[in-house]
Structures are given as C-alpha cells and as structure tokens.
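Participant: My structure is stored as data11.csv, with CSV, C-alpha atoms and all ligand atoms.
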chain,number,residue,atom,x,y,z
A,578,MET,CA,-9.3,87.4,15.1
A,579,LYS,CA,-7.4,88.4,18.2
A,580,TYR,CA,-10.2,90.0,20.3
A,581,ARG,CA,-14.0,89.8,20.8
A,582,CYS,CA,-16.8,92.3,21.0
A,583,VAL,CA,-18.1,92.1,24.6
A,584,GLU,CA,-21.7,92.6,23.5
A,585,CYS,CA,-22.1,89.9,20.9
A,586,GLY,CA,-18.8,87.9,20.9
A,587,TYR,CA,-18.0,88.7,17.3
A,588,GLY,CA,-14.2,88.7,16.5
A,589,THR,CA,-12.3,91.9,15.9
A,590,ASN,CA,-8.6,92.6,15.2
A,591,SER,CA,-8.3,95.7,17.4
A,592,LEU,CA,-10.3,97.2,20.2
A,593,PHE,CA,-9.0,100.8,20.0
A,594,VAL,CA,-6.9,103.2,18.0
A,595,GLN,CA,-4.3,105.2,19.9
A,596,TYR,CA,-3.6,108.7,18.5
A,597,SER,CA,-1.3,109.8,21.3
A,598,PRO,CA,-0.6,108.7,24.9
A,599,GLY,CA,-4.0,108.8,26.7
A,600,ASN,CA,-5.9,109.7,23.6
A,601,ILE,CA,-7.7,106.7,22.2
A,602,ARG,CA,-10.8,105.9,20.2
A,603,LEU,CA,-12.7,102.8,20.9
A,604,MET,CA,-13.5,100.6,17.9
A,605,LYS,CA,-17.1,99.6,17.0
A,606,CYS,CA,-18.1,96.0,16.4
A,607,GLU,CA,-18.8,95.2,12.7
A,608,ASN,CA,-21.6,92.9,13.7
A,609,CYS,CA,-23.7,94.7,16.4
A,610,LYS,CA,-22.3,98.2,15.8
A,611,ALA,CA,-21.8,98.8,19.5
A,612,VAL,CA,-18.5,99.7,21.1
A,613,ALA,CA,-16.5,96.5,20.9
A,614,ASP,CA,-15.1,96.7,24.5
A,615,GLU,CA,-16.3,99.6,26.6
A,616,TYR,CA,-14.4,98.1,29.7
A,617,ILE,CA,-11.1,99.4,28.3
A,618,GLU,CA,-12.0,102.9,29.6
A,619,CYS,CA,-13.7,101.6,32.8
A,620,GLU,CA,-12.4,101.6,36.3
A,621,ILE,CA,-11.3,98.2,37.5
A,622,MET,CA,-14.1,98.3,40.2
A,623,ILE,CA,-16.8,98.5,37.5
A,624,ILE,CA,-15.3,95.3,35.9
A,625,VAL,CA,-15.2,93.6,39.3
A,626,ILE,CA,-18.8,94.6,40.1
A,627,ASP,CA,-20.0,93.3,36.7
A,628,LEU,CA,-18.1,90.0,37.3
A,629,ILE,CA,-19.8,89.7,40.7
A,630,VAL,CA,-23.2,90.1,39.1
A,631,ASN,CA,-22.2,87.5,36.5
A,632,LYS,CA,-22.5,89.8,33.4
A,633,PRO,CA,-21.5,87.8,30.3
A,634,LYS,CA,-19.9,90.8,28.7
A,635,ALA,CA,-17.5,91.3,31.7
A,636,TYR,CA,-16.4,87.6,31.3
A,637,ARG,CA,-16.0,88.2,27.5
A,638,HIS,CA,-13.7,91.2,28.3
A,639,LEU,CA,-11.7,89.2,30.9
A,640,LEU,CA,-11.4,85.9,29.0
A,641,TYR,CA,-11.0,87.1,25.4
A,642,ASN,CA,-9.5,90.6,25.6
A,643,VAL,CA,-7.4,90.5,28.8
A,644,LEU,CA,-6.4,86.9,29.5
A,645,GLY,CA,-7.0,85.2,26.1
A,646,SER,CA,-4.5,82.7,24.7
A,647,GLN,CA,-2.8,85.6,22.9
A,648,THR,CA,-1.5,86.6,26.4
A,649,LEU,CA,2.2,86.3,26.8
A,650,ASN,CA,3.1,83.3,29.0
A,651,PHE,CA,-0.4,81.8,28.8
A,652,LYS,CA,1.0,78.5,30.3
A,653,GLY,CA,2.5,80.3,33.3
A,654,LEU,CA,-0.8,82.0,33.9
A,655,LEU,CA,-2.6,78.7,33.9
A,656,TRP,CA,-0.2,77.2,36.3
A,657,LYS,CA,-0.5,80.1,38.7
A,658,LEU,CA,-4.3,80.0,38.5
A,659,SER,CA,-4.4,76.2,39.0
A,660,PHE,CA,-2.2,76.6,42.1
A,661,GLY,CA,-4.4,79.3,43.6
A,662,PHE,CA,-7.5,77.2,42.8
A,663,LEU,CA,-6.1,74.1,44.6
A,664,LEU,CA,-4.9,76.2,47.5
A,665,LEU,CA,-8.4,77.8,48.0
A,666,ASP,CA,-9.9,74.3,47.7
A,667,ALA,CA,-7.6,73.0,50.4
A,668,TYR,CA,-8.6,75.9,52.6
A,669,ARG,CA,-12.3,75.2,51.9
A,670,SER,CA,-11.8,71.5,52.9
A,671,LEU,CA,-9.9,72.6,56.1
A,672,LEU,CA,-12.8,74.9,57.1
A,673,ILE,CA,-15.3,72.0,56.7
A,674,CYS,CA,-13.1,69.7,58.8
A,675,ARG,CA,-12.7,72.4,61.4
A,676,SER,CA,-16.4,72.9,61.7
A,677,LYS,CA,-17.0,69.2,62.3
A,678,GLU,CA,-14.2,68.5,64.8
A,679,GLU,CA,-13.0,69.5,68.1
A,680,TRP,CA,-10.0,71.5,67.5
A,681,SER,CA,-9.1,71.4,71.2
A,682,SER,CA,-7.3,68.2,70.5
A,683,THR,CA,-4.1,69.3,69.0
A,684,SER,CA,-2.4,66.0,69.0
A,685,ILE,CA,0.0,65.1,66.1
A,686,ALA,CA,-2.3,62.2,65.1
A,687,SER,CA,-5.3,64.6,64.7
A,688,PHE,CA,-3.1,67.0,62.7
A,689,ILE,CA,-1.9,64.2,60.3
A,690,TRP,CA,-5.5,63.0,60.0
A,691,THR,CA,-6.7,66.5,59.0
A,692,CYS,CA,-3.9,66.9,56.4
A,693,GLN,CA,-4.7,63.5,54.9
A,694,LYS,CA,-8.4,64.4,54.7
A,695,VAL,CA,-7.7,67.8,53.1
A,696,LEU,CA,-5.2,66.3,50.6
A,697,MET,CA,-7.7,63.5,49.6
A,698,ASP,CA,-10.5,66.0,49.2
A,699,VAL,CA,-8.4,68.3,47.0
A,700,VAL,CA,-6.8,65.6,44.8
A,701,ILE,CA,-9.6,63.1,44.4
A,702,GLY,CA,-12.4,65.8,44.5
A,703,ASN,CA,-10.8,67.9,41.7
A,704,LEU,CA,-9.8,64.9,39.6
A,705,MET,CA,-13.4,63.7,39.6
A,706,PHE,CA,-14.6,67.3,39.0
A,707,PHE,CA,-12.5,67.8,35.9
A,708,ALA,CA,-13.0,64.3,34.6
A,709,THR,CA,-16.8,64.7,35.0
A,710,PHE,CA,-16.6,68.2,33.4
A,711,LEU,CA,-14.7,66.8,30.3
A,712,LEU,CA,-17.2,64.0,30.0
A,713,ALA,CA,-20.2,66.2,30.4
A,714,MET,CA,-18.8,68.6,27.8
A,715,ARG,CA,-18.5,65.8,25.4
A,716,ILE,CA,-22.1,64.7,26.0
A,717,PHE,CA,-23.8,68.1,26.3
A,718,LEU,CA,-21.5,70.5,24.3
A,719,SER,CA,-20.0,68.2,21.7
A,720,THR,CA,-21.5,70.0,18.7
A,721,SER,CA,-20.7,73.5,19.9
A,722,ILE,CA,-17.1,73.2,21.0
A,723,GLY,CA,-15.7,72.8,17.5
A,724,SER,CA,-12.2,74.1,17.3
A,725,LEU,CA,-12.2,75.6,20.8
A,726,ARG,CA,-9.1,74.8,22.7
A,727,TYR,CA,-9.6,73.0,26.0
A,728,LYS,CA,-7.0,75.3,27.6
A,729,ASP,CA,-9.4,78.2,27.1
A,730,ILE,CA,-12.2,76.3,28.8
A,731,PHE,CA,-9.9,75.3,31.6
A,732,LEU,CA,-8.9,79.0,32.0
A,733,ALA,CA,-12.6,80.0,32.1
A,734,ILE,CA,-13.3,77.6,34.9
A,735,LEU,CA,-10.3,78.7,37.0
A,736,VAL,CA,-11.0,82.4,36.5
A,737,SER,CA,-14.7,82.1,37.2
A,738,SER,CA,-14.0,80.3,40.5
A,739,TYR,CA,-12.4,83.5,41.9
A,740,PHE,CA,-15.3,83.9,44.4
A,741,LYS,CA,-13.7,81.2,46.5
A,742,MET,CA,-11.4,83.9,47.7
A,743,CYS,CA,-14.3,85.0,50.0
A,744,LEU,CA,-13.4,81.9,52.1
A,745,PHE,CA,-10.5,84.0,53.5
A,746,ALA,CA,-13.1,86.3,55.1
A,747,MET,CA,-13.9,83.3,57.3
A,748,MET,CA,-10.4,83.6,58.8
A,749,VAL,CA,-11.4,87.0,60.2
A,750,TRP,CA,-15.1,86.7,60.9
A,751,GLU,CA,-16.9,83.7,62.3
A,752,PHE,CA,-19.4,82.3,59.8
A,753,PRO,CA,-21.5,79.1,60.0
A,754,SER,CA,-20.0,76.4,57.8
A,755,SER,CA,-23.1,76.6,55.5
A,756,VAL,CA,-21.5,79.7,54.1
A,757,VAL,CA,-19.0,77.5,52.3
A,758,PHE,CA,-21.8,75.8,50.4
A,759,ILE,CA,-23.4,79.2,49.5
A,760,ILE,CA,-20.0,80.2,48.1
A,761,ASP,CA,-19.9,76.8,46.2
A,762,LEU,CA,-23.3,77.6,44.7
A,763,TYR,CA,-22.1,81.1,43.6
A,764,VAL,CA,-19.0,79.6,42.0
A,765,LEU,CA,-21.3,77.1,40.1
A,766,SER,CA,-23.3,80.1,38.7
A,767,SER,CA,-20.1,81.9,37.7
A,768,ASN,CA,-18.7,78.7,36.1
A,769,ILE,CA,-21.9,78.5,34.0
A,770,VAL,CA,-21.7,82.0,32.7
A,771,ALA,CA,-18.0,81.7,31.9
A,772,LEU,CA,-18.6,78.4,30.1
A,773,LYS,CA,-21.5,79.9,28.1
A,774,VAL,CA,-19.2,82.9,27.1
A,775,ILE,CA,-16.3,80.7,26.0
A,776,THR,CA,-18.3,78.0,24.2
A,777,GLU,CA,-21.2,80.2,23.0
A,778,SER,CA,-23.5,77.2,23.8
A,779,ALA,CA,-27.1,77.2,25.0
A,780,MET,CA,-27.5,78.1,28.7
A,781,SER,CA,-29.2,74.8,29.5
A,782,ARG,CA,-26.3,72.8,28.2
A,783,CYS,CA,-23.8,74.8,30.2
A,784,VAL,CA,-25.9,74.4,33.3
A,785,LEU,CA,-26.0,70.6,32.8
A,786,THR,CA,-22.3,70.4,32.3
A,787,CYS,CA,-21.2,72.5,35.3
A,788,PHE,CA,-23.9,71.1,37.5
A,789,SER,CA,-22.8,67.5,36.8
A,790,ALA,CA,-19.2,68.3,37.6
A,791,HIS,CA,-20.0,70.2,40.8
A,792,LEU,CA,-22.4,67.4,41.9
A,793,MET,CA,-19.8,64.7,41.3
A,794,LYS,CA,-17.2,66.6,43.4
A,795,PHE,CA,-19.8,67.1,46.2
A,796,LEU,CA,-20.7,63.4,46.2
A,797,VAL,CA,-17.0,62.3,46.1
A,798,THR,CA,-16.0,64.5,49.0
A,799,GLN,CA,-19.1,63.3,51.0
A,800,ALA,CA,-18.2,59.7,50.2
A,801,LEU,CA,-14.6,60.3,51.4
A,802,GLU,CA,-15.9,61.8,54.6
A,803,LEU,CA,-18.1,58.8,55.3
A,804,ARG,CA,-15.1,56.5,54.6
A,805,THR,CA,-12.9,58.3,57.1
A,806,LEU,CA,-15.5,58.5,59.9
A,901,ZN,ZN,-20.7,93.1,18.7
Could you quickly redo this structure as structure tokens?
Ligand SMILES: [Zn+2]
Facilitator:
Amino acid sequence: MKYRCVECGYGTNSLFVQYSPGNIRLMKCENCKAVADEYIECEIMIIVIDLIVNKPKAYRHLLYNVLGSQTLNFKGLLWKLSFGFLLLDAYRSLLICRSKEEWSSTSIASFIWTCQKVLMDVVIGNLMFFATFLLAMRIFLSTSIGSLRYKDIFLAILVSSYFKMCLFAMMVWEFPSSVVFIIDLYVLSSNIVALKVITESAMSRCVLTCFSAHLMKFLVTQALELRTL
C-alpha cells in the first residue's frame, strides 16, 4: 500500500480521484470509513498548526502521504534534513556557549575553543543520541518494528525535530538560555508522537525510547562541558 489513512493508519492505494483539474473526490478508508486524508484539501497553515499541537494524524499525513519512502529522491531528502538537523544543533550549542561565556573576549583562541566545543557537542552528542535511540528501539520496540525500514524512522525523527527552528528567533530577540531546554522538551514530545505514528507501538514504549536517547545526549553534552571547563 502506497499511502495511509490519517485517522487509523490503515493502508490505501489512493487518497483521491481526480475528475478534472481542481475537481477531486477524497477517498474513504476501508477500515474506519472516514476520509483517508482530509489534509489534501487543507491550507498548509492548518497542517502546521496540527503539527505544532502534536496531532498524530498530521504526522501520518506528512510522514506517509507526503514524505514517505515512495517520494522521489528519498535519499536526497534525508541528506538535506540531516544537514539542517546538525546545523540547528550546532546553533543550539553555540547559544549555550554564548550564554555561559563572556563574548567580550574576541580573541582567536576563544573563537577556536568555541568552534571545538560546538563541533564536539554536535558530533559526539548526536552519535550517542542515535546509538542510544537504536539500542532503545531494539529493547523497547523490538516486537513492533517488524519490517519497518530504519530509514523511515530516521526520517520521522528528523522531521519531528523541526521545532528547533525556533532557536533562530533567539537571534532576533533576547531569551534566557533556559528557552533552549524548553525547545528540547518540545522536540522530545514531537519525536515521541512521530515514533508512535511510524512504528504504531504503545505510547509508553515510544516515550521510553525517545526519553533514553534525549537523556543520553543531554548527559554526554554536560560531561563534555565539565571536561572542557
Ligand atoms: Zn482509517
């Protein structure tokens, strides 16, 4: 099955029938009898709002019916999203460094030190994040993953971390550095919903998997900070 019903996740071959340009009929799900994907006719803002409030059906629409592995150039999409993810993470680490240091010292040594710190945070932090994530998935979700491709899970995690983009608001407005951790918590909650949608596992198992990975990343970056003090 190419697509999924956004209400129940049941597979379907088509989401709509087009009679003429602009004249379409949405298909109904064979399982729950609801419209399979109502978002096809929705404004993009409605989808964005539903993603912000972490509605599973908005994630189903995005992950299965828009960005699914049937998408042309799926690999290219993964590369672009990974690059954006790492870039946002580097900016996050830079914000934390900036809040803890005196930026009045603009010496080359301090610049090199900051770059080194950001690079270590991003590389080691994310390596540990994804390693823990894979391990936690094997422990908590081993029975429910089945034939699911790891690429789809990876895509779900990258896409559901979109809220990190709010960090850019901190370029314009002054926020306390604690806002970074509030954004982290929100990203954790979106990761949980996306993982639940893509694996169709119990919520508690998805919470445990995502929480372990985020906790590991937090502990590793804190340990790196203590080492460089
Ligand atoms: Zn359905």
Participant: What gap, in Å, lies between atom CA of A:Val583 and atom CA of A:Asp729?
Facilitator: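 So the answer is 16.6 Å.
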Participant: Please identify all polymer residues lying at most 10 Å from the point (-15.2, 83.8, 43.2) (file coordinates), using all atoms listed in the file, and present the result as a count of residues only.
Facilitator: 20
Participant: Which residues are near ligand ZN 901 (chain A) - at most 10 Å, using all atoms listed in the file? Format: as a VMD selection string.
Facilitator: chain A and resid 581 to 589 605 to 614
Participant: With all atoms listed in the file as the basis for distance, which of A:Ala635, A:Val699, A:Cys787, A:Leu792 is at the shortest distance from A:Phe662?
Facilitator: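 Going through A:Ala635, A:Val699, A:Cys787, A:Leu792 one by one, the smallest distance to A:Phe662 is for A:Val699.
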Participant: As a PyMOL selection string, please: the residues near A:Met793 (cut-off 8 Å, all atoms listed in the file, same-chain neighbours under 3 positions excluded).
Facilitator: chain A and resi 705-706+709+789-790+796-797
Participant: Tell me which of A:Val784, A:Val770, A:Ala686, A:Met697 sits closest to A:Leu718, counting only C-alpha atoms.
Facilitator: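 Closest to A:Leu718 of all the choices is A:Val784.
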Participant: Using only C-alpha atoms, which of the listed residues (A:Arg675, A:Lys728, A:His638, A:Lys652) sits closest to A:Met748?
Facilitator: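 That would be A:Arg675, the residue with the smallest distance to A:Met748.
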Participant: Could you work out how far atom CA of A:Thr776 lies from atom CA of A:Ile730, giving the answer in Å with one decimal?
Facilitator: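 If I compute the distance from atom CA of A:Ile730 to atom CA of A:Thr776, I get 7.8 Å.
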